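So this one's my_file_28.cif, mmCIF, C-alpha atoms:
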data_upload
loop_
_atom_site.label_atom_id
_atom_site.label_comp_id
_atom_site.auth_asym_id
_atom_site.auth_seq_id
_atom_site.Cartn_x
_atom_site.Cartn_y
_atom_site.Cartn_z
CA MET A 19 106.92 103.32 96.14
CA ALA A 20 101.29 98.42 88.05
CA GLU A 21 97.97 97.55 88.13
CA SER A 22 96.36 100.80 86.95
CA PRO A 23 94.53 101.33 90.21
CA ASP A 24 91.73 103.72 90.96
CA ILE A 25 93.36 106.40 93.02
CA SER A 26 93.18 109.49 95.16
CA SER A 27 95.26 111.19 97.93
CA ALA A 28 95.84 111.19 101.68
CA ASP A 29 96.60 113.43 104.64
CA SER A 30 99.42 113.79 107.02
CA THR A 31 97.09 112.49 109.74
CA PRO A 32 94.85 110.05 107.89
CA GLU A 33 92.83 109.10 110.92
CA ASN A 34 90.89 112.40 110.87
CA PRO A 35 88.25 112.12 108.13
CA GLY A 36 86.92 115.30 106.62
CA SER A 37 89.95 117.45 107.48
CA GLY A 38 92.34 116.12 104.94
CA SER A 39 92.77 112.50 105.96
CA LEU A 40 92.29 109.14 104.37
CA SER A 41 88.83 108.21 105.53
CA GLU A 42 88.53 104.71 104.16
CA THR A 43 91.82 103.22 105.38
CA PRO A 44 91.76 99.87 107.18
CA ASP A 45 91.52 99.91 110.99
CA THR A 46 94.82 99.60 112.85
CA THR A 47 95.82 98.91 116.38
CA GLY A 48 97.32 101.80 118.29
CA GLY A 49 100.12 99.88 120.06
CA THR A 50 103.73 99.78 119.02
CA GLY A 51 104.45 96.80 116.84
CA GLY A 52 100.76 95.93 116.58
CA THR A 53 99.35 94.25 113.51
CA PRO A 54 96.82 96.38 111.60
CA ARG A 55 93.40 94.90 111.00
CA ARG A 56 92.33 95.03 107.40
CA GLY A 57 88.88 96.57 107.11
CA ARG A 58 86.29 95.91 104.48
CA VAL A 59 86.50 98.06 101.37
CA ARG A 60 82.89 98.61 100.39
CA GLY A 61 82.12 100.07 97.00
CA ARG A 62 85.83 100.29 96.26
CA ARG A 63 85.60 102.71 93.35
CA ALA A 64 83.40 105.10 95.33
CA ALA A 65 85.67 104.85 98.33
CA VAL A 66 88.83 105.62 96.39
CA MET A 67 87.33 108.56 94.54
CA ALA A 68 86.10 109.94 97.88
CA VAL A 69 89.64 110.11 99.22
CA PRO A 70 90.64 113.34 97.41
CA ALA A 71 88.00 115.29 99.28
CA THR A 72 89.39 114.07 102.60
CA ALA A 73 93.10 114.05 101.81
CA ALA A 74 94.36 117.52 101.04
CA LEU A 75 97.35 117.41 103.39
CA ALA A 76 98.66 113.88 103.02
CA GLY A 77 102.24 114.92 103.44
CA LEU A 78 103.27 112.31 105.96
CA ALA A 79 103.38 109.41 103.55
CA VAL A 80 106.99 109.28 102.58
CA LEU A 81 107.26 106.59 100.10
CA THR A 82 104.78 104.71 97.72
CA ALA A 83 104.37 102.65 95.07
CA GLN A 84 102.07 100.87 92.93
CA GLY A 85 101.89 102.17 89.40
CA ALA A 86 104.22 104.96 90.38
CA LEU A 87 107.27 103.39 88.79
CA GLY A 88 105.43 101.10 86.43
CA VAL A 89 106.20 98.09 88.62
CA SER A 90 103.53 95.38 88.39
CA LEU A 91 103.37 93.67 91.78
CA TYR A 92 100.70 91.83 93.71
CA ILE A 93 100.90 92.43 97.43
CA SER A 94 101.14 89.53 99.88
CA GLY A 95 98.42 91.13 102.00
CA MET A 96 100.66 91.10 105.08
CA PRO A 97 101.21 94.68 106.32
CA PHE A 98 104.56 95.76 107.74
CA THR A 99 105.59 98.63 110.00
CA VAL A 100 108.25 101.20 109.08
CA THR A 101 109.65 103.78 111.51
CA ALA A 102 112.49 106.30 111.41
CA LYS A 103 113.74 109.10 113.65
CA SER A 104 113.65 111.39 110.64
CA LEU A 105 113.33 111.44 106.88
CA ASP A 106 114.61 114.07 104.46
CA GLY A 107 113.41 113.87 100.89
CA THR A 108 113.92 115.77 97.66
CA GLY A 109 111.12 115.54 95.12
CA PHE A 110 107.91 114.47 96.88
CA GLU A 111 104.60 113.39 95.33
CA GLN A 112 101.46 111.75 96.66
CA PHE A 113 98.10 110.37 95.57
CA GLY A 114 95.97 107.26 96.32
CA ALA A 115 95.65 103.76 94.93
CA LEU A 116 94.23 100.29 95.31
CA ASP A 117 96.64 97.41 95.93
CA HIS A 118 95.62 93.95 94.81
CA MET A 119 96.37 90.48 96.16
CA ILE A 120 96.59 87.35 94.04
CA LYS A 121 93.37 85.45 93.38
CA ASP A 122 92.36 83.32 96.37
CA SER A 123 95.09 84.81 98.56
CA PRO A 124 94.99 83.37 102.11
CA ASN A 125 95.39 86.94 103.42
CA THR A 126 92.29 88.35 101.74
CA GLY A 127 90.25 88.42 104.95
CA ASP A 128 87.26 90.72 104.50
CA THR A 129 89.00 93.07 102.07
CA GLY A 130 87.97 91.25 98.91
CA GLY A 131 91.65 91.19 97.94
CA ASP A 132 91.90 94.97 97.48
CA VAL A 133 93.53 97.37 99.95
CA LEU A 134 93.03 101.13 99.73
CA VAL A 135 96.44 102.79 100.16
CA VAL A 136 98.21 106.14 100.06
CA THR A 137 100.67 106.29 97.18
CA SER A 138 103.70 108.52 97.78
CA ALA A 139 107.01 108.90 95.96
CA ILE A 140 110.33 110.53 96.84
CA LYS A 141 113.05 111.06 94.26
CA LYS A 142 115.87 110.98 96.81
CA ALA A 143 115.47 110.11 100.50
CA THR A 144 117.66 109.93 103.61
CA LEU A 145 116.36 108.11 106.70
CA ASP A 146 117.85 108.13 110.19
CA SER A 147 117.50 104.90 112.22
CA LEU A 148 115.22 102.94 109.91
CA CYS A 149 113.24 100.08 111.46
CA GLN A 150 111.01 97.66 109.57
CA SER A 151 109.04 94.80 111.09
CA VAL A 152 106.44 92.29 109.95
CA ASP A 153 104.34 90.14 112.28
CA LEU A 154 104.70 86.52 111.21
CA GLY A 155 102.24 85.29 113.82
CA GLY A 156 103.70 85.38 117.32
CA ILE A 157 107.16 86.46 116.16
CA ASN A 158 108.36 89.56 114.28
CA LEU A 159 110.92 89.70 111.49
CA LEU A 160 112.89 92.85 112.33
CA ILE A 161 115.22 94.85 110.05
CA LYS A 162 117.23 97.84 111.30
CA ALA A 163 119.75 100.08 109.52
CA GLY A 164 121.22 103.57 109.44
CA SER A 165 121.49 104.20 113.19
CA GLY A 166 125.16 105.23 113.06
CA SER A 167 126.89 108.09 111.28
CA SER A 168 125.87 106.67 107.88
CA LYS A 169 122.15 106.92 107.14
CA VAL A 170 119.87 104.92 104.88
CA GLN A 171 119.83 106.32 101.33
CA ALA A 172 117.26 105.61 98.63
CA ASN A 173 116.50 106.82 95.13
CA ASP A 174 113.06 106.59 93.49
CA LEU A 175 111.68 105.33 96.79
CA THR A 176 107.98 104.54 96.97
CA THR A 177 105.58 102.81 99.39
CA ASP A 178 101.89 102.00 99.65
CA SER A 179 100.61 102.89 103.11
CA THR A 180 97.42 102.61 105.11
CA LEU A 181 98.68 104.46 108.19
CA LEU A 182 101.02 107.47 108.29
CA SER A 183 102.12 109.67 111.16
CA GLY A 184 104.89 112.07 112.13
CA ASP A 185 105.80 115.76 112.24
CA ALA A 186 106.17 117.02 108.69
CA SER A 187 107.30 120.17 106.91
CA PHE A 188 107.40 120.93 103.18
CA ASN A 189 109.06 123.37 100.85
CA ASN A 190 107.04 124.77 97.92
CA ILE A 191 104.12 122.40 98.38
CA GLU A 192 101.37 122.26 95.76
CA ILE A 193 98.02 120.78 96.85
CA GLY A 194 95.24 119.85 94.44
CA ASN A 195 97.30 119.02 91.36
CA ASP A 196 96.01 116.73 88.65
CA ALA A 197 98.03 113.55 89.25
CA SER A 198 98.95 113.26 85.57
CA THR A 199 100.88 116.56 85.79
CA LEU A 200 103.18 115.70 88.73
CA ASP A 201 106.84 116.38 88.03
CA LYS A 202 108.75 116.47 91.34
CA ALA A 203 109.61 112.77 91.67
CA GLY A 204 109.33 111.54 88.09
CA VAL A 205 105.98 109.86 88.76
CA GLN A 206 102.63 110.60 87.13
CA GLY A 207 99.23 109.31 88.19
CA PRO A 208 96.04 109.01 86.12
CA ALA A 209 94.40 112.11 84.68
CA GLY A 210 91.72 113.76 86.79
CA VAL A 211 93.01 112.44 90.12
CA PHE A 212 93.68 114.73 93.09
CA SER A 213 97.33 114.83 94.20
CA GLN A 214 100.00 116.96 95.79
CA GLN A 215 103.73 117.49 95.50
CA ALA A 216 106.59 119.47 97.05
CA ASP A 217 110.22 120.30 96.34
CA THR A 218 111.34 118.86 99.68
CA VAL A 219 109.85 117.06 102.68
CA HIS A 220 111.16 116.61 106.24
CA ILE A 221 109.47 114.25 108.69
CA ASP A 222 110.39 113.60 112.33
CA ASN A 223 109.13 110.53 114.23
CA LEU A 224 107.98 108.80 111.08
CA ARG A 225 105.67 105.80 111.46
CA GLN A 226 103.91 103.91 108.65
CA THR A 227 101.91 100.78 108.03
CA ASN A 228 102.85 99.67 104.52
CA TYR A 229 101.88 96.98 102.07
CA LYS A 230 104.57 97.61 99.47
CA THR A 231 107.91 99.38 99.06
CA THR A 232 109.94 99.81 95.87
CA ALA A 233 113.16 101.69 95.16
CA GLY A 234 115.61 102.21 92.33
CA THR A 235 118.50 101.95 94.80
CA PHE A 236 118.37 101.27 98.54
CA THR A 237 121.53 101.56 100.67
CA LEU A 238 121.26 100.14 104.23
CA PRO A 239 124.42 100.78 106.29
CA GLY A 240 124.69 98.73 109.48
CA LEU A 241 121.94 96.36 108.33
CA LYS A 242 120.74 93.95 111.02
CA LEU A 243 118.07 91.32 110.48
CA SER A 244 116.67 89.40 113.44
CA PHE A 245 113.57 87.89 115.01
CA SER A 246 111.94 89.64 117.95
CA ASP A 247 108.96 89.35 120.27
CA THR A 248 108.15 93.00 119.50
CA GLY A 249 108.07 95.01 116.29
CA CYS A 250 109.18 98.56 115.50
#
Before anything else, please render the file you have as structure tokens.
Amino acid sequence: MAESPDISSADSTPENPGSGSLSETPDTTGGTGGTPRRGRVRGRRAAVMAVPATAALAGLAVLTAQGALGVSLYISGMPFTVTAKSLDGTGFEQFGALDHMIKDSPNTGDTGGDVLVVTSAIKKATLDSLCQSVDLGGINLLIKAGSGSSKVQANDLTTDSTLLSGDASFNNIEIGNDASTLDKAGVQGPAGVFSQQADTVHIDNLRQTNYKTTAGTFTLPGLKLSFSDTGC
């Protein structure tokens, strides 16, 4: 699943600039459980407004956040990985945003304290075999849930993501909407911003690098929290 960020949109494969992907996202490592490297955001306003032109098919972001539900949160600046065998969502919307760290955050790195993200929102979501991990520096905090007959359920679920991948399909998708007119997930973005929405979304082999997640309700059957040498 705010700070009134400058925003835009993202693609279902955001590593492919110019064909509908988020071209200014931070660099990430390709390995499982790897920790993404935050890249420099140069000319942040220009970068964010350039995203719409490169993000027409950003359907793989399943969740997102900032500003979407009017929640004012500063990010820690520590990215976390989210995976799931599948996600089914009703009421999907997506655009782009800037996340902000607190002043003098130790995790600023070379980002200047701002991280360009994909903002997505799902009104109602079901996730099979959810895994979430965060690298704490040599050890990973690992959370798993929904691997049995009962799946993870969430309402008004949003995340801010810098990396999104999976195999996605949509029902009644609309691409190129003004973000202020979105009505599928109960979230509206600023006027004049490129966005997209769909009645439903299905994603297999979901993988995300996120900086923030919010939800109205979040049910995690079979929740297990542990420390591990490897992440999701």
Legend entry - Using all atoms listed in the file: which of A:Ile120, A:Val135, A:Leu224, A:Leu241 has the shortest distance to Asp178 (chain A):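 Under the stated criterion, the closest residue is A:Val135.
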Legend entry - Coordinates-based distance that separates CA of Lys162 (chain A) from CA of Gly204 (chain A) (Å, one decimal): 28.1 Å
Legend entry - From A:Ser187, A:Thr227, A:Ser147, A:Thr218, residue lying nearest Gln171 (chain A) [all atoms listed in the file]: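 Among the listed residues, A:Ser147 lies closest to Gln171 (chain A).
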Legend entry - Residue members of the PyMOL selection byres ((chain A and resi 191-195) around 9) in the file shown, as a list in words: Pro70, Ala74, Leu75, Phe110, Phe188, Asn189, Asn190, Asp196, Ala197, Ser198, Thr199, Leu200, Gly210, Val211, Phe212, Ser213, Gln214, Gln215, Ala216, Asp217, Thr218 and Val219 of chain A
Inset, instruction - List every protein, DNA or RNA residue that has an atom no more than 7 Å from (106.0, 113.1, 93.1) in the file's coordinate frame, counting only C-alpha atoms, and report them as a PyMOL selection string. - result: chain A and resi 109-112+138-140+200-205+215
Inset, instruction - Have a look at CA of Asp132 (chain A) and CA of Gly95 (chain A) and let me know their distance in Å, one decimal. - result: 8.8 Å
Can I get region 128-162 of chain A with N, CA and C atoms filled in, as an mmCIF file, in the coordinates of the input?
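Everything below was put into part08.cif:
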data_model
loop_
_atom_site.group_PDB
_atom_site.id
_atom_site.type_symbol
_atom_site.label_atom_id
_atom_site.label_comp_id
_atom_site.auth_asym_id
_atom_site.auth_seq_id
_atom_site.Cartn_x
_atom_site.Cartn_y
_atom_site.Cartn_z
ATOM 1 N N ASP A 128 88.508 90.118 104.967
ATOM 2 C CA ASP A 128 87.260 90.720 104.500
ATOM 3 C C ASP A 128 87.498 91.899 103.576
ATOM 4 N N THR A 129 88.683 91.951 102.970
ATOM 5 C CA THR A 129 89.000 93.070 102.070
ATOM 6 C C THR A 129 88.568 92.818 100.635
ATOM 7 N N GLY A 130 88.263 91.566 100.296
ATOM 8 C CA GLY A 130 87.970 91.250 98.910
ATOM 9 C C GLY A 130 89.214 91.171 98.057
ATOM 10 N N GLY A 131 90.388 91.256 98.681
ATOM 11 C CA GLY A 131 91.650 91.190 97.940
ATOM 12 C C GLY A 131 92.173 92.533 97.506
ATOM 13 N N ASP A 132 91.466 93.623 97.835
ATOM 14 C CA ASP A 132 91.900 94.970 97.480
ATOM 15 C C ASP A 132 92.110 95.798 98.746
ATOM 16 N N VAL A 133 93.218 96.535 98.798
ATOM 17 C CA VAL A 133 93.530 97.370 99.950
ATOM 18 C C VAL A 133 93.706 98.815 99.470
ATOM 19 N N LEU A 134 92.927 99.715 100.045
ATOM 20 C CA LEU A 134 93.030 101.130 99.730
ATOM 21 C C LEU A 134 94.267 101.705 100.407
ATOM 22 N N VAL A 135 95.160 102.332 99.640
ATOM 23 C CA VAL A 135 96.440 102.790 100.160
ATOM 24 C C VAL A 135 96.719 104.240 99.751
ATOM 25 N N VAL A 136 97.665 104.841 100.436
ATOM 26 C CA VAL A 136 98.210 106.140 100.060
ATOM 27 C C VAL A 136 99.474 105.881 99.223
ATOM 28 N N THR A 137 99.511 106.436 98.041
ATOM 29 C CA THR A 137 100.670 106.290 97.180
ATOM 30 C C THR A 137 101.525 107.547 97.276
ATOM 31 N N SER A 138 102.776 107.399 97.703
ATOM 32 C CA SER A 138 103.700 108.520 97.780
ATOM 33 C C SER A 138 104.983 108.152 97.049
ATOM 34 N N ALA A 139 105.745 109.137 96.643
ATOM 35 C CA ALA A 139 107.010 108.900 95.960
ATOM 36 C C ALA A 139 108.000 109.985 96.335
ATOM 37 N N ILE A 140 109.251 109.584 96.554
ATOM 38 C CA ILE A 140 110.330 110.530 96.840
ATOM 39 C C ILE A 140 111.494 110.225 95.903
ATOM 40 N N LYS A 141 111.963 111.242 95.221
ATOM 41 C CA LYS A 141 113.050 111.060 94.260
ATOM 42 C C LYS A 141 114.338 110.640 94.956
ATOM 43 N N LYS A 142 114.663 111.310 96.064
ATOM 44 C CA LYS A 142 115.870 110.980 96.810
ATOM 45 C C LYS A 142 115.566 111.142 98.291
ATOM 46 N N ALA A 143 115.833 110.098 99.087
ATOM 47 C CA ALA A 143 115.470 110.110 100.500
ATOM 48 C C ALA A 143 116.633 109.692 101.379
ATOM 49 N N THR A 144 116.713 110.315 102.567
ATOM 50 C CA THR A 144 117.660 109.930 103.610
ATOM 51 C C THR A 144 116.884 109.665 104.879
ATOM 52 N N LEU A 145 117.101 108.489 105.496
ATOM 53 C CA LEU A 145 116.360 108.110 106.700
ATOM 54 C C LEU A 145 117.342 107.805 107.827
ATOM 55 N N ASP A 146 117.043 108.354 108.995
ATOM 56 C CA ASP A 146 117.850 108.130 110.190
ATOM 57 C C ASP A 146 117.192 107.046 111.045
ATOM 58 N N SER A 147 117.953 105.986 111.339
ATOM 59 C CA SER A 147 117.500 104.900 112.220
ATOM 60 C C SER A 147 116.230 104.243 111.680
ATOM 61 N N LEU A 148 116.342 103.648 110.521
ATOM 62 C CA LEU A 148 115.220 102.940 109.910
ATOM 63 C C LEU A 148 114.950 101.627 110.637
ATOM 64 N N CYS A 149 113.675 101.356 110.885
ATOM 65 C CA CYS A 149 113.240 100.080 111.460
ATOM 66 C C CYS A 149 112.065 99.567 110.646
ATOM 67 N N GLN A 150 112.117 98.279 110.289
ATOM 68 C CA GLN A 150 111.010 97.660 109.570
ATOM 69 C C GLN A 150 110.695 96.325 110.219
ATOM 70 N N SER A 151 109.421 96.065 110.466
ATOM 71 C CA SER A 151 109.040 94.800 111.090
ATOM 72 C C SER A 151 107.759 94.273 110.466
ATOM 73 N N VAL A 152 107.660 92.943 110.424
ATOM 74 C CA VAL A 152 106.440 92.290 109.950
ATOM 75 C C VAL A 152 106.096 91.181 110.932
ATOM 76 N N ASP A 153 104.841 91.141 111.335
ATOM 77 C CA ASP A 153 104.340 90.140 112.280
ATOM 78 C C ASP A 153 104.083 88.843 111.523
ATOM 79 N N LEU A 154 104.838 87.807 111.882
ATOM 80 C CA LEU A 154 104.700 86.520 111.210
ATOM 81 C C LEU A 154 103.787 85.571 111.987
ATOM 82 N N GLY A 155 103.133 86.104 113.022
ATOM 83 C CA GLY A 155 102.240 85.290 113.820
ATOM 84 C C GLY A 155 102.925 84.823 115.085
ATOM 85 N N GLY A 156 103.040 85.714 116.061
ATOM 86 C CA GLY A 156 103.700 85.380 117.320
ATOM 87 C C GLY A 156 105.154 85.753 117.369
ATOM 88 N N ILE A 157 105.767 86.041 116.221
ATOM 89 C CA ILE A 157 107.160 86.460 116.160
ATOM 90 C C ILE A 157 107.298 87.503 115.062
ATOM 91 N N ASN A 158 108.177 88.489 115.251
ATOM 92 C CA ASN A 158 108.360 89.560 114.280
ATOM 93 C C ASN A 158 109.699 89.442 113.575
ATOM 94 N N LEU A 159 109.688 89.556 112.254
ATOM 95 C CA LEU A 159 110.920 89.700 111.490
ATOM 96 C C LEU A 159 111.302 91.167 111.527
ATOM 97 N N LEU A 160 112.482 91.475 112.052
ATOM 98 C CA LEU A 160 112.890 92.850 112.330
ATOM 99 C C LEU A 160 114.126 93.203 111.505
ATOM 100 N N ILE A 161 114.083 94.345 110.824
ATOM 101 C CA ILE A 161 115.220 94.850 110.050
ATOM 102 C C ILE A 161 115.525 96.259 110.530
ATOM 103 N N LYS A 162 116.803 96.511 110.884
ATOM 104 C CA LYS A 162 117.230 97.840 111.300
ATOM 105 C C LYS A 162 118.473 98.251 110.514
#
